[in-house]
file coords.txt (compact mmCIF, C-alpha atoms and all ligand atoms)
# COMPACT_ATOMS: atom_id res chain seq x y z
CA MET A 1 -14.46 -8.24 -4.35
CA THR A 2 -14.82 -5.03 -2.36
CA THR A 3 -11.86 -2.89 -1.41
CA GLU A 4 -12.57 -3.56 2.27
CA ASN A 5 -11.83 -7.22 1.68
CA LEU A 6 -8.56 -6.24 0.04
CA LEU A 7 -7.52 -4.43 3.22
CA GLU A 8 -8.22 -7.47 5.36
CA MET A 9 -5.71 -9.56 3.45
CA PRO A 10 -4.18 -11.99 4.10
CA ASN A 11 -6.56 -14.45 5.81
CA SER A 12 -5.43 -16.32 8.92
CA SER A 13 -3.60 -18.94 6.84
CA GLY A 14 -1.66 -16.26 5.01
CA PHE A 15 -3.58 -16.37 1.72
CA PHE A 16 -4.29 -13.45 -0.59
CA GLY A 17 -7.01 -15.11 -2.65
CA PRO A 18 -5.29 -18.22 -4.06
CA TYR A 19 -1.76 -16.83 -3.48
CA GLY A 20 0.60 -16.88 -0.52
CA GLY A 21 0.21 -19.47 2.24
CA GLN A 22 2.90 -21.74 3.62
CA PHE A 23 4.16 -24.48 1.28
CA ILE A 24 6.87 -25.70 3.63
CA PRO A 25 7.84 -28.78 5.66
CA PRO A 26 5.90 -29.26 8.93
CA GLU A 27 8.91 -28.41 11.13
CA LEU A 28 9.28 -25.06 9.34
CA LYS A 29 5.55 -24.40 9.54
CA ILE A 30 5.75 -24.64 13.33
CA VAL A 31 8.51 -22.02 13.28
CA MET A 32 6.57 -19.69 10.94
CA ASP A 33 3.39 -20.01 12.99
CA GLU A 34 5.31 -19.02 16.10
CA ILE A 35 6.65 -15.92 14.32
CA THR A 36 3.08 -15.07 13.20
CA GLN A 37 1.69 -15.35 16.73
CA SER A 38 4.50 -13.27 18.21
CA TYR A 39 4.25 -10.64 15.49
CA LEU A 40 0.47 -10.24 15.90
CA LYS A 41 0.97 -9.70 19.64
CA ILE A 42 4.06 -7.50 19.47
CA ARG A 43 2.67 -5.15 16.82
CA GLU A 44 -0.14 -4.24 19.24
CA LEU A 45 2.33 -3.15 21.93
CA PRO A 46 2.50 0.65 22.20
CA ALA A 47 6.18 0.35 23.24
CA PHE A 48 7.04 -1.47 19.99
CA GLN A 49 5.14 0.98 17.78
CA GLU A 50 6.64 3.98 19.60
CA GLU A 51 10.17 2.65 19.33
CA LEU A 52 9.74 1.97 15.61
CA ALA A 53 8.15 5.39 15.00
CA GLU A 54 11.06 7.10 16.77
CA LEU A 55 13.63 5.19 14.74
CA PHE A 56 11.78 6.06 11.52
CA GLN A 57 11.84 9.73 12.45
CA TYR A 58 15.23 10.32 14.04
CA TYR A 59 17.32 7.49 12.57
CA VAL A 60 15.96 6.93 9.05
CA GLY A 61 15.02 10.59 8.60
CA ARG A 62 11.31 10.08 7.95
CA PRO A 63 9.06 11.40 6.65
CA SER A 64 10.95 11.25 3.35
CA PRO A 65 10.05 14.31 1.23
CA LEU A 66 7.44 14.27 -1.51
CA TYR A 67 9.10 16.36 -4.21
CA TYR A 68 7.38 17.97 -7.21
CA ALA A 69 9.78 17.37 -10.11
CA LYS A 70 8.89 20.58 -11.92
CA ARG A 71 11.68 20.61 -14.49
CA LEU A 72 11.10 16.98 -15.44
CA SER A 73 7.34 17.56 -15.67
CA ASN A 74 7.69 20.74 -17.77
CA LYS A 75 10.20 19.16 -20.10
CA HIS A 76 7.88 16.32 -21.00
CA GLY A 77 4.98 18.67 -21.39
CA GLY A 78 2.16 16.79 -19.69
CA ALA A 79 1.21 15.58 -16.24
CA LYS A 80 2.86 16.72 -13.01
CA ILE A 81 5.34 14.17 -11.63
CA PHE A 82 5.96 13.95 -7.87
CA LEU A 83 8.73 11.81 -6.37
CA LYS A 84 8.49 10.08 -3.00
CA ARG A 85 12.12 10.35 -1.92
CA GLU A 86 12.88 6.98 -0.30
CA ASP A 87 16.37 7.47 -1.76
CA LEU A 88 16.98 10.03 1.01
CA ASN A 89 16.49 7.48 3.81
CA HIS A 90 19.52 6.43 5.86
CA THR A 91 21.28 3.73 3.76
CA GLY A 92 19.67 5.13 0.62
CA ALA A 93 16.58 3.03 -0.04
CA HIS A 94 13.24 1.81 1.31
CA LYS A 95 14.71 -1.52 2.55
CA ILE A 96 15.72 0.04 5.89
CA ASN A 97 11.98 0.36 6.75
CA HIS A 98 11.34 -3.37 7.00
CA CYS A 99 14.85 -4.26 8.17
CA LEU A 100 14.39 -2.06 11.25
CA GLY A 101 10.97 -3.63 11.78
CA GLU A 102 12.39 -7.15 11.56
CA ALA A 103 15.40 -6.38 13.79
CA LEU A 104 13.19 -4.77 16.42
CA LEU A 105 10.75 -7.68 16.24
CA ALA A 106 13.68 -10.08 16.78
CA LYS A 107 14.67 -8.10 19.87
CA TYR A 108 11.12 -8.17 21.28
CA MET A 109 10.93 -11.91 20.56
CA GLY A 110 14.14 -12.45 22.55
CA LYS A 111 16.12 -13.71 19.53
CA THR A 112 19.87 -13.33 19.68
CA LYS A 113 20.74 -13.54 15.99
CA ILE A 114 19.34 -12.53 12.59
CA LEU A 115 20.08 -14.55 9.48
CA ALA A 116 19.47 -13.73 5.83
CA GLU A 117 20.72 -14.16 2.31
CA THR A 118 21.58 -11.36 -0.05
CA GLY A 119 22.06 -11.15 -3.81
CA ALA A 120 23.56 -7.83 -4.79
CA GLY A 121 24.01 -6.95 -1.12
CA GLN A 122 21.36 -4.24 -0.72
CA HIS A 123 19.25 -6.29 1.70
CA GLY A 124 22.41 -7.40 3.49
CA VAL A 125 23.62 -3.85 4.09
CA ALA A 126 20.20 -2.59 5.28
CA LEU A 127 19.86 -5.56 7.63
CA ALA A 128 23.44 -5.26 8.95
CA THR A 129 22.69 -1.59 9.66
CA ALA A 130 19.48 -2.38 11.55
CA CYS A 131 21.19 -5.15 13.54
CA ALA A 132 24.09 -2.88 14.53
CA LEU A 133 21.59 -0.32 15.79
CA VAL A 134 19.37 -2.76 17.65
CA GLY A 135 22.38 -4.64 19.02
CA ILE A 136 21.71 -8.09 17.62
CA GLU A 137 24.11 -10.47 15.87
CA CYS A 138 23.78 -10.57 12.07
CA GLU A 139 24.85 -13.32 9.64
CA ILE A 140 24.43 -12.87 5.88
CA HIS A 141 24.92 -15.67 3.37
CA MET A 142 26.11 -14.53 -0.04
CA GLY A 143 27.16 -16.39 -3.18
CA GLN A 144 30.91 -16.27 -3.87
CA VAL A 145 30.17 -14.96 -7.39
CA ASP A 146 28.12 -12.10 -5.93
CA ILE A 147 30.77 -11.38 -3.28
CA GLU A 148 33.30 -10.76 -6.02
CA LYS A 149 30.88 -8.58 -8.04
CA GLU A 150 29.54 -6.48 -5.18
CA HIS A 151 32.63 -5.59 -3.25
CA PRO A 152 31.51 -2.23 -1.77
CA ASN A 153 28.45 -3.84 -0.16
CA VAL A 154 30.51 -6.71 1.27
CA SER A 155 32.89 -4.18 2.82
CA LYS A 156 29.99 -2.20 4.30
CA MET A 157 28.49 -5.32 5.88
CA LYS A 158 31.87 -6.21 7.44
CA VAL A 159 32.40 -2.69 8.78
CA LEU A 160 28.90 -2.86 10.30
CA GLY A 161 29.96 -5.96 12.23
CA CYS A 162 28.04 -8.53 10.21
CA ASN A 163 29.37 -12.03 9.55
CA VAL A 164 29.35 -12.50 5.75
CA VAL A 165 29.30 -16.22 4.92
CA PRO A 166 30.56 -17.01 1.38
CA VAL A 167 28.50 -19.70 -0.39
CA THR A 168 30.42 -21.79 -2.92
CA MET A 169 27.92 -24.59 -3.62
CA GLY A 170 25.90 -24.78 -6.86
CA THR A 171 26.16 -21.65 -8.99
CA ALA A 172 27.40 -19.66 -5.95
CA THR A 173 24.71 -17.02 -6.47
CA LEU A 174 21.48 -15.91 -4.76
CA LYS A 175 19.56 -19.19 -4.99
CA ASP A 176 22.38 -21.10 -3.30
CA ALA A 177 22.73 -18.36 -0.68
CA VAL A 178 19.01 -18.86 0.17
CA ASP A 179 19.56 -22.62 0.61
CA SER A 180 22.68 -22.12 2.71
CA ALA A 181 21.06 -19.53 5.00
CA PHE A 182 18.02 -21.78 5.47
CA ILE A 183 20.15 -24.78 6.46
CA GLU A 184 21.84 -22.61 9.08
CA TYR A 185 18.49 -21.24 10.27
CA MET A 186 16.94 -24.67 10.79
CA LYS A 187 19.82 -25.62 13.11
CA ASP A 188 18.39 -23.25 15.72
CA PRO A 189 15.12 -21.53 14.79
CA ILE A 190 14.45 -20.71 18.46
CA SER A 191 17.26 -18.24 19.07
CA GLN A 192 17.55 -17.05 15.44
CA LEU A 193 15.19 -15.10 13.15
CA TYR A 194 15.33 -15.36 9.37
CA ALA A 195 14.74 -11.91 7.89
CA ILE A 196 13.25 -12.00 4.40
CA GLY A 197 14.11 -9.06 2.14
CA SER A 198 10.81 -8.40 0.37
CA VAL A 199 7.07 -9.22 0.50
CA VAL A 200 7.81 -12.84 -0.46
CA GLY A 201 8.36 -16.17 1.28
CA PRO A 202 5.93 -18.10 3.48
CA HIS A 203 3.35 -16.39 5.72
CA PRO A 204 3.79 -14.18 7.77
CA PHE A 205 6.60 -12.46 5.81
CA PRO A 206 4.51 -10.97 2.95
CA MET A 207 2.18 -9.46 5.60
CA MET A 208 4.91 -8.32 8.00
CA VAL A 209 7.16 -6.71 5.41
CA ARG A 210 4.12 -4.97 3.88
CA ASP A 211 3.07 -3.60 7.27
CA PHE A 212 6.55 -2.18 7.91
CA GLN A 213 6.72 -0.63 4.42
CA SER A 214 3.22 0.84 4.42
CA ILE A 215 4.59 3.99 6.10
CA ILE A 216 5.58 5.10 2.56
CA GLY A 217 2.01 5.39 1.27
CA ARG A 218 0.64 6.83 4.52
CA GLU A 219 3.15 9.67 4.33
CA ALA A 220 2.77 10.20 0.58
CA LYS A 221 -1.02 10.49 0.77
CA LYS A 222 -0.86 13.12 3.54
CA GLN A 223 1.97 15.03 1.86
CA PHE A 224 0.17 15.10 -1.48
CA ALA A 225 -3.02 16.44 0.13
CA GLN A 226 -1.02 19.18 1.90
CA GLN A 227 1.16 20.19 -1.04
CA HIS A 228 -1.26 19.81 -3.94
CA GLY A 229 -4.67 18.97 -2.52
CA GLY A 230 -6.82 15.91 -3.07
CA LEU A 231 -5.50 12.57 -4.27
CA PRO A 232 -3.02 11.84 -7.07
CA ASN A 233 -4.47 10.42 -10.29
CA THR A 234 -1.77 7.77 -10.71
CA VAL A 235 0.70 6.15 -8.30
CA VAL A 236 3.68 4.28 -9.77
CA ALA A 237 6.29 1.94 -8.24
CA CYS A 238 8.78 -0.62 -9.52
CA VAL A 239 8.19 -4.29 -8.67
CA GLY A 240 10.89 -6.86 -7.90
CA GLY A 241 9.58 -8.91 -4.98
CA GLY A 242 7.19 -6.01 -4.51
CA SER A 243 7.97 -4.44 -1.11
CA ASN A 244 8.39 -0.80 -2.10
CA ALA A 245 5.33 -1.03 -4.37
CA ILE A 246 3.05 -2.60 -1.75
CA GLY A 247 4.40 -0.08 0.79
CA MET A 248 3.23 2.72 -1.49
CA PHE A 249 -0.03 1.12 -2.72
CA THR A 250 -1.57 -0.13 0.55
CA GLU A 251 -2.79 3.29 1.72
CA PHE A 252 -4.43 3.92 -1.68
CA LEU A 253 -6.20 0.56 -2.16
CA GLU A 254 -9.55 1.91 -1.01
CA ASP A 255 -9.29 5.05 -3.14
CA THR A 256 -10.55 3.47 -6.30
CA ASP A 257 -10.18 6.75 -8.24
CA VAL A 258 -6.43 6.45 -7.84
CA GLU A 259 -4.86 4.36 -10.60
CA LEU A 260 -2.10 2.09 -9.22
CA MET A 261 0.68 0.94 -11.56
CA GLY A 262 3.44 -1.59 -10.84
CA VAL A 263 6.40 -1.56 -13.23
CA GLU A 264 8.48 -4.67 -13.74
CA PRO A 265 11.64 -5.30 -15.74
CA ALA A 266 11.22 -6.22 -19.41
CA GLY A 267 15.03 -6.58 -19.58
CA LYS A 268 16.13 -7.05 -23.18
CA GLY A 269 12.50 -7.41 -24.31
CA LEU A 270 9.45 -9.54 -23.44
CA GLU A 271 9.97 -11.51 -26.66
CA THR A 272 13.45 -12.62 -25.51
CA ASP A 273 14.22 -14.97 -22.60
CA GLN A 274 16.10 -12.19 -20.83
CA HIS A 275 13.58 -10.38 -18.66
CA ALA A 276 11.95 -10.73 -15.23
CA ALA A 277 8.38 -9.76 -16.16
CA THR A 278 6.68 -12.10 -13.71
CA MET A 279 3.35 -10.27 -13.55
CA THR A 280 3.06 -10.03 -17.34
CA LEU A 281 4.25 -13.49 -18.37
CA GLY A 282 4.24 -15.60 -15.20
CA THR A 283 1.75 -18.35 -14.30
CA PRO A 284 0.57 -19.55 -10.88
CA GLY A 285 3.14 -21.73 -9.18
CA GLU A 286 5.10 -22.37 -6.00
CA LEU A 287 8.40 -20.77 -5.10
CA HIS A 288 10.37 -20.45 -1.84
CA GLY A 289 7.48 -21.66 0.27
CA PHE A 290 4.53 -19.68 -1.12
CA LYS A 291 2.20 -19.49 -4.12
CA CYS A 292 2.48 -16.62 -6.59
CA LEU A 293 2.89 -15.87 -10.27
CA VAL A 294 6.17 -17.46 -11.38
CA LEU A 295 8.26 -17.47 -14.53
CA GLN A 296 8.62 -21.25 -14.81
CA ASP A 297 9.27 -24.04 -17.28
CA GLU A 298 6.91 -26.97 -17.95
CA GLN A 299 8.31 -28.87 -14.95
CA GLY A 300 7.58 -25.94 -12.64
CA GLU A 301 11.27 -25.05 -12.27
CA PRO A 302 11.86 -21.29 -12.03
CA LEU A 303 13.35 -19.87 -15.25
CA PRO A 304 16.56 -17.84 -15.30
CA VAL A 305 15.71 -14.14 -15.21
CA HIS A 306 17.46 -10.95 -16.23
CA SER A 307 17.25 -7.26 -15.44
CA ILE A 308 19.74 -4.42 -15.62
CA ALA A 309 18.61 -3.76 -12.03
CA SER A 310 19.77 -6.64 -9.84
CA GLY A 311 17.12 -5.83 -7.22
CA LEU A 312 14.36 -6.68 -9.72
CA ASP A 313 15.55 -10.00 -11.15
CA TYR A 314 13.42 -12.50 -9.25
CA PRO A 315 11.34 -15.19 -11.03
CA GLY A 316 8.46 -14.80 -8.54
CA VAL A 317 6.62 -11.88 -6.99
CA GLY A 318 4.79 -11.17 -3.75
CA PRO A 319 1.48 -13.06 -3.32
CA GLN A 320 -0.47 -9.86 -2.67
CA HIS A 321 0.65 -8.42 -6.02
CA SER A 322 -0.35 -11.65 -7.75
CA TYR A 323 -3.80 -11.23 -6.22
CA LEU A 324 -4.07 -7.48 -6.82
CA LYS A 325 -3.45 -8.17 -10.49
CA GLU A 326 -6.18 -10.81 -10.56
CA THR A 327 -8.70 -8.48 -8.88
CA GLY A 328 -7.79 -5.71 -11.31
CA ARG A 329 -7.14 -3.18 -8.50
CA VAL A 330 -3.51 -2.73 -9.62
CA ASN A 331 -2.25 -2.76 -13.20
CA TYR A 332 1.20 -3.98 -14.09
CA THR A 333 3.37 -2.99 -17.00
CA SER A 334 7.03 -3.36 -17.94
CA VAL A 335 9.99 -1.24 -19.01
CA THR A 336 13.12 -2.43 -20.86
CA ASP A 337 16.76 -2.06 -19.75
CA GLU A 338 17.19 0.57 -22.45
CA GLU A 339 14.20 2.65 -21.30
CA CYS A 340 15.45 2.32 -17.73
CA LEU A 341 18.92 3.61 -18.63
CA SER A 342 17.46 6.53 -20.47
CA ALA A 343 15.24 7.48 -17.48
CA PHE A 344 18.26 7.08 -15.17
CA MET A 345 20.17 9.70 -17.19
CA GLU A 346 17.14 11.93 -17.64
CA LEU A 347 16.34 12.26 -13.91
CA SER A 348 20.05 12.73 -13.12
CA ARG A 349 20.52 15.52 -15.64
CA VAL A 350 17.17 17.32 -15.43
CA GLU A 351 16.64 17.19 -11.67
CA GLY A 352 20.08 16.34 -10.24
CA ILE A 353 18.70 13.16 -8.67
CA ILE A 354 20.51 9.90 -9.47
CA PRO A 355 17.94 7.11 -9.05
CA ALA A 356 18.67 3.43 -8.40
CA LEU A 357 18.31 1.43 -11.63
CA GLU A 358 15.38 -0.34 -9.93
CA SER A 359 13.59 2.97 -9.28
CA ALA A 360 14.45 4.23 -12.78
CA HIS A 361 11.95 1.66 -14.10
CA ALA A 362 9.14 3.52 -12.33
CA VAL A 363 10.50 6.87 -13.52
CA ALA A 364 10.64 5.62 -17.13
CA TYR A 365 7.00 4.61 -17.07
CA ALA A 366 5.95 7.88 -15.36
CA ILE A 367 7.65 9.94 -18.09
CA LYS A 368 5.91 7.92 -20.83
CA LEU A 369 2.54 8.29 -19.10
CA ALA A 370 3.02 12.02 -18.38
CA GLN A 371 3.47 12.70 -22.10
CA THR A 372 0.00 11.33 -22.84
CA LYS A 373 -1.83 13.18 -20.04
CA PRO A 374 -3.08 16.76 -19.55
CA LYS A 375 -1.34 19.22 -17.21
CA ASP A 376 -3.82 18.72 -14.39
CA HIS A 377 -3.04 14.98 -14.20
CA THR A 378 -0.82 14.10 -11.23
CA ILE A 379 1.55 11.15 -10.89
CA VAL A 380 3.31 10.08 -7.69
CA VAL A 381 6.38 7.91 -8.27
CA ASN A 382 8.01 5.92 -5.49
CA LEU A 383 11.72 6.65 -5.88
CA SER A 384 12.71 3.52 -3.96
CA GLY A 385 16.47 4.16 -3.77
CA ARG A 386 19.48 6.19 -4.83
CA GLY A 387 21.76 5.26 -7.70
CA ASP A 388 25.26 5.81 -6.33
CA LYS A 389 25.72 2.04 -6.47
CA ASP A 390 24.91 2.05 -10.21
CA THR A 391 26.91 4.95 -11.62
CA ASP A 392 30.08 3.02 -12.61
CA TYR A 393 28.01 0.38 -14.35
CA VAL A 394 25.92 2.94 -16.25
CA ILE A 395 29.02 4.82 -17.43
CA GLU A 396 30.41 1.54 -18.74
CA MET A 397 27.11 0.56 -20.42
CA LEU A 398 26.71 3.91 -22.13
CA GLY A 399 30.43 4.29 -22.95
CA LEU A 400 30.56 7.73 -21.30
C1 LIG B 1 15.68 -4.18 -3.52
C2 LIG B 1 15.22 -2.96 -4.22
C3 LIG B 1 14.06 -2.94 -5.03
C4 LIG B 1 13.25 -4.18 -5.30
O1 LIG B 1 12.64 -4.75 -4.22
P1 LIG B 1 11.06 -4.64 -3.95
O2 LIG B 1 10.84 -5.61 -2.87
O3 LIG B 1 10.34 -4.97 -5.22
O4 LIG B 1 10.80 -3.23 -3.55
C5 LIG B 1 13.66 -1.76 -5.60
N1 LIG B 1 14.37 -0.62 -5.42
C6 LIG B 1 15.50 -0.58 -4.68
C7 LIG B 1 16.23 0.69 -4.55
C8 LIG B 1 15.96 -1.75 -4.06
O5 LIG B 1 17.09 -1.71 -3.33
call {"tool": "encode", "arguments": {"input": "coords.txt", "output": "structure tokens"}}
result
Amino acid sequence: MTTENLLEMPNSSGFFGPYGGQFIPPELKIVMDEITQSYLKIRELPAFQEELAELFQYYVGRPSPLYYAKRLSNKHGGAKIFLKREDLNHTGAHKINHCLGEALLAKYMGKTKILAETGAGQHGVALATACALVGIECEIHMGQVDIEKEHPNVSKMKVLGCNVVPVTMGTATLKDAVDSAFIEYMKDPISQLYAIGSVVGPHPFPMMVRDFQSIIGREAKKQFAQQHGGLPNTVVACVGGGSNAIGMFTEFLEDTDVELMGVEPAGKGLETDQHAATMTLGTPGELHGFKCLVLQDEQGEPLPVHSIASGLDYPGVGPQHSYLKETGRVNYTSVTDEECLSAFMELSRVEGIIPALESAHAVAYAIKLAQTKPKDHTIVVNLSGRGDKDTDYVIEMLGL
């Protein structure tokens, strides 16, 4: 497998090696194929690319800075740690990158409404923001249990003009919200677009979301060359579904001297049943219409997962990550809730940057790695989001 082949992924059926594809009913396949055809045409339009580039610059605030965390690096005595500040984007995370892409695509496709599910509400808020800006109706399905837990995000979505649909069936959490949103979508797939929140789901979503997120790595590579020179030795990102990680990694895939590391949640420990370490302990399976590594039982049912960071607790992972692991181009490791909390506090107190608990997983691994490396080793960490949403919870956890 050459790196050139890696860049040509996925193939025309949406496969990354054995992973990805479309494992969906025929009527849904027709809908997905239409989205693929439209996307491949629309992304070639200069008007679309220019509009997206302008929104990235003037609305999101891109390029996000690449920041040399000097105090953090010096304190841990080894490698230099750089942070790609996706936390400084409008709405506070990388999700706005693909939500704007999807909302704009919906507009170009002549859709009148965007539909999605949300768990903790991060995807919902980013999508509601993008829809308000683009001027398209937005409907978000959310489990009643999650609605009660994530009140600030529900309020934000409502203020942004989004219709939040409470889902009370089943366990009234994310999985049921997915089912509910899909039922609604299939009622009218012509005038609606389903907007998936990560590099998961059937083709073309893993490809599309990756393309919209790959701005992160393109900027980071240029910024690193300007500020430091050359290429970083190691690039680190946390992996839930895998969108911020693939957004960072794509530009570096051909640079085989650059070590790429994905960090997933080990939760309360890999030896317990409370983690979401899909890359480490998952096996090939089918989930939500695509093939990937899955944490599953003997019947192929997805296992319950846990992470302190709600954005990382998914029993599957993007098909491209599943394949990048198999090819050996990216390595994957895991970090526990406890290590994550400690990195959350460390970055807050040493650099004055409060990271999202999701991003703190990548920071935790970078700190551990930096301690084992010489001073001329460089590490770029994708700081996928800010941690304002997590401060109350952390205070409670740590008894501060
Ligand atoms: C949602 C989220 C993640 C996890 O999603 P990926 O698709 O794996 O990137 C990571 N960080 C933040 C801040 C998030 O909001």
call {"tool": "closest_residue", "arguments": {"input": "coords.txt", "among": "A:Leu55, A:Leu6, A:Val125, A:Met186", "to": "ligand LIG 1 (chain B)", "atoms": "all atoms listed in the file"}}
result
A:Val125
call {"tool": "axis_aligned_box", "arguments": {"input": "coords.txt", "around": "segment 356-370 of chain A", "padding_each_side": "5 Å", "output": "JSON"}}
result
{"center_x": 10.6, "center_y": 5.8, "center_z": -14.6, "size_x": 26.1, "size_y": 22.4, "size_z": 22.4}
call {"tool": "residues_around", "arguments": {"input": "coords.txt", "residues": "segment 255-261 of chain A", "least_positions_apart": "6", "cutoff": "12 Å", "atoms": "all atoms listed in the file", "output": "compact mmCIF listing (two decimals) with C-alpha atoms, in the coordinates of the input"}}
result
# COMPACT_ATOMS: atom_id res chain seq x y z
CA THR A 2 -14.82 -5.03 -2.36
CA THR A 3 -11.86 -2.89 -1.41
CA GLU A 4 -12.57 -3.56 2.27
CA LEU A 6 -8.56 -6.24 0.04
CA LEU A 7 -7.52 -4.43 3.22
CA GLY A 217 2.01 5.39 1.27
CA LYS A 221 -1.02 10.49 0.77
CA GLY A 230 -6.82 15.91 -3.07
CA LEU A 231 -5.50 12.57 -4.27
CA PRO A 232 -3.02 11.84 -7.07
CA ASN A 233 -4.47 10.42 -10.29
CA THR A 234 -1.77 7.77 -10.71
CA VAL A 235 0.70 6.15 -8.30
CA VAL A 236 3.68 4.28 -9.77
CA ALA A 237 6.29 1.94 -8.24
CA CYS A 238 8.78 -0.62 -9.52
CA VAL A 239 8.19 -4.29 -8.67
CA GLY A 242 7.19 -6.01 -4.51
CA ALA A 245 5.33 -1.03 -4.37
CA ILE A 246 3.05 -2.60 -1.75
CA MET A 248 3.23 2.72 -1.49
CA PHE A 249 -0.03 1.12 -2.72
CA MET A 279 3.35 -10.27 -13.55
CA HIS A 321 0.65 -8.42 -6.02
CA LEU A 324 -4.07 -7.48 -6.82
CA LYS A 325 -3.45 -8.17 -10.49
CA GLY A 328 -7.79 -5.71 -11.31
CA ARG A 329 -7.14 -3.18 -8.50
CA VAL A 330 -3.51 -2.73 -9.62
CA ASN A 331 -2.25 -2.76 -13.20
CA TYR A 332 1.20 -3.98 -14.09
CA THR A 333 3.37 -2.99 -17.00
CA SER A 334 7.03 -3.36 -17.94
CA HIS A 361 11.95 1.66 -14.10
CA ALA A 362 9.14 3.52 -12.33
CA VAL A 363 10.50 6.87 -13.52
CA TYR A 365 7.00 4.61 -17.07
CA ALA A 366 5.95 7.88 -15.36
CA LEU A 369 2.54 8.29 -19.10
CA HIS A 377 -3.04 14.98 -14.20
CA THR A 378 -0.82 14.10 -11.23
CA ILE A 379 1.55 11.15 -10.89
CA VAL A 380 3.31 10.08 -7.69
CA VAL A 381 6.38 7.91 -8.27
CA ASN A 382 8.01 5.92 -5.49
call {"tool": "residues_near_ligand", "arguments": {"input": "coords.txt", "ligand": "ligand LIG 1 (chain B)", "cutoff": "7 Å", "atoms": "only C-alpha atoms and all ligand atoms", "output": "CSV table (one decimal) with C-alpha atoms, keeping the file's coordinate frame"}}
result
chain,number,residue,atom,x,y,z
A,93,ALA,CA,16.6,3.0,0.0
A,94,HIS,CA,13.2,1.8,1.3
A,95,LYS,CA,14.7,-1.5,2.6
A,122,GLN,CA,21.4,-4.2,-0.7
A,123,HIS,CA,19.2,-6.3,1.7
A,197,GLY,CA,14.1,-9.1,2.1
A,198,SER,CA,10.8,-8.4,0.4
A,199,VAL,CA,7.1,-9.2,0.5
A,238,CYS,CA,8.8,-0.6,-9.5
A,239,VAL,CA,8.2,-4.3,-8.7
A,240,GLY,CA,10.9,-6.9,-7.9
A,241,GLY,CA,9.6,-8.9,-5.0
A,242,GLY,CA,7.2,-6.0,-4.5
A,243,SER,CA,8.0,-4.4,-1.1
A,244,ASN,CA,8.4,-0.8,-2.1
A,245,ALA,CA,5.3,-1.0,-4.4
A,311,GLY,CA,17.1,-5.8,-7.2
A,312,LEU,CA,14.4,-6.7,-9.7
A,356,ALA,CA,18.7,3.4,-8.4
A,358,GLU,CA,15.4,-0.3,-9.9
A,359,SER,CA,13.6,3.0,-9.3
A,384,SER,CA,12.7,3.5,-4.0
A,385,GLY,CA,16.5,4.2,-3.8
A,386,ARG,CA,19.5,6.2,-4.8
call {"tool": "atom_distance", "arguments": {"input": "coords.txt", "atom1": "atom CA of Lys80 of chain A", "atom2": "atom CA of Met345 of chain A"}}
result
19.1 Å
call {"tool": "closest_residue", "arguments": {"input": "coords.txt", "among": "A:Ser310, A:Tyr67, A:Val164, A:Gly229", "to": "Ile353 of chain A", "atoms": "all atoms listed in the file"}}
result
A:Tyr67
call {"tool": "closest_atom_pairs", "arguments": {"input": "coords.txt", "of": "segment 14-91 of chain A", "to": "segment 212-215 of chain A", "cutoff": "12 Å", "atoms": "only C-alpha atoms", "output": "JSON lines"}}
result
{"residue": "A:Tyr39", "atom": "CA", "partner": "A:Phe212", "partner_atom": "CA", "distance": 11.6}
{"residue": "A:Arg43", "atom": "CA", "partner": "A:Phe212", "partner_atom": "CA", "distance": 10.2}
{"residue": "A:Gln49", "atom": "CA", "partner": "A:Phe212", "partner_atom": "CA", "distance": 10.5}
{"residue": "A:Leu52", "atom": "CA", "partner": "A:Phe212", "partner_atom": "CA", "distance": 9.3}
{"residue": "A:Ala53", "atom": "CA", "partner": "A:Ile215", "partner_atom": "CA", "distance": 9.7}
{"residue": "A:Phe56", "atom": "CA", "partner": "A:Ile215", "partner_atom": "CA", "distance": 9.2}
{"residue": "A:Gln57", "atom": "CA", "partner": "A:Ile215", "partner_atom": "CA", "distance": 11.2}
{"residue": "A:Arg62", "atom": "CA", "partner": "A:Ile215", "partner_atom": "CA", "distance": 9.3}
{"residue": "A:Pro63", "atom": "CA", "partner": "A:Ile215", "partner_atom": "CA", "distance": 8.7}
{"residue": "A:Ser64", "atom": "CA", "partner": "A:Ile215", "partner_atom": "CA", "distance": 10.0}
{"residue": "A:Lys84", "atom": "CA", "partner": "A:Ile215", "partner_atom": "CA", "distance": 11.6}
{"residue": "A:Glu86", "atom": "CA", "partner": "A:Gln213", "partner_atom": "CA", "distance": 10.9}
call {"tool": "atom_distance", "arguments": {"input": "coords.txt", "atom1": "atom CA of Ala343 of chain A", "atom2": "atom CA of Lys368 of chain A"}}
result
9.9 Å
call {"tool": "closest_residue", "arguments": {"input": "coords.txt", "among": "A:Pro355, A:Tyr59, A:Leu253, A:Ile24", "to": "Lys389 of chain A", "atoms": "all atoms listed in the file"}}
result
A:Pro355
call {"tool": "atom_distance", "arguments": {"input": "coords.txt", "atom1": "atom CA of Ile42 of chain A", "atom2": "atom CA of Ala177 of chain A"}}
result
29.5 Å
call {"tool": "residues_around", "arguments": {"input": "coords.txt", "residues": "Val394 of chain A", "least_positions_apart": "5", "cutoff": "9 Å", "atoms": "all atoms listed in the file", "output": "tab-separated table (two decimals) with C-alpha atoms, keeping the file's coordinate frame"}}
result
chain	number	residue	atom	x	y	z
A	341	LEU	CA	18.92	3.61	-18.63
A	344	PHE	CA	18.26	7.08	-15.17
A	345	MET	CA	20.17	9.70	-17.19
A	399	GLY	CA	30.43	4.29	-22.95
A	400	LEU	CA	30.56	7.73	-21.30
call {"tool": "closest_residue", "arguments": {"input": "coords.txt", "among": "A:Phe16, A:Phe252, A:Tyr185, A:Tyr323", "to": "Ala220 of chain A", "atoms": "all atoms listed in the file"}}
result
A:Phe252
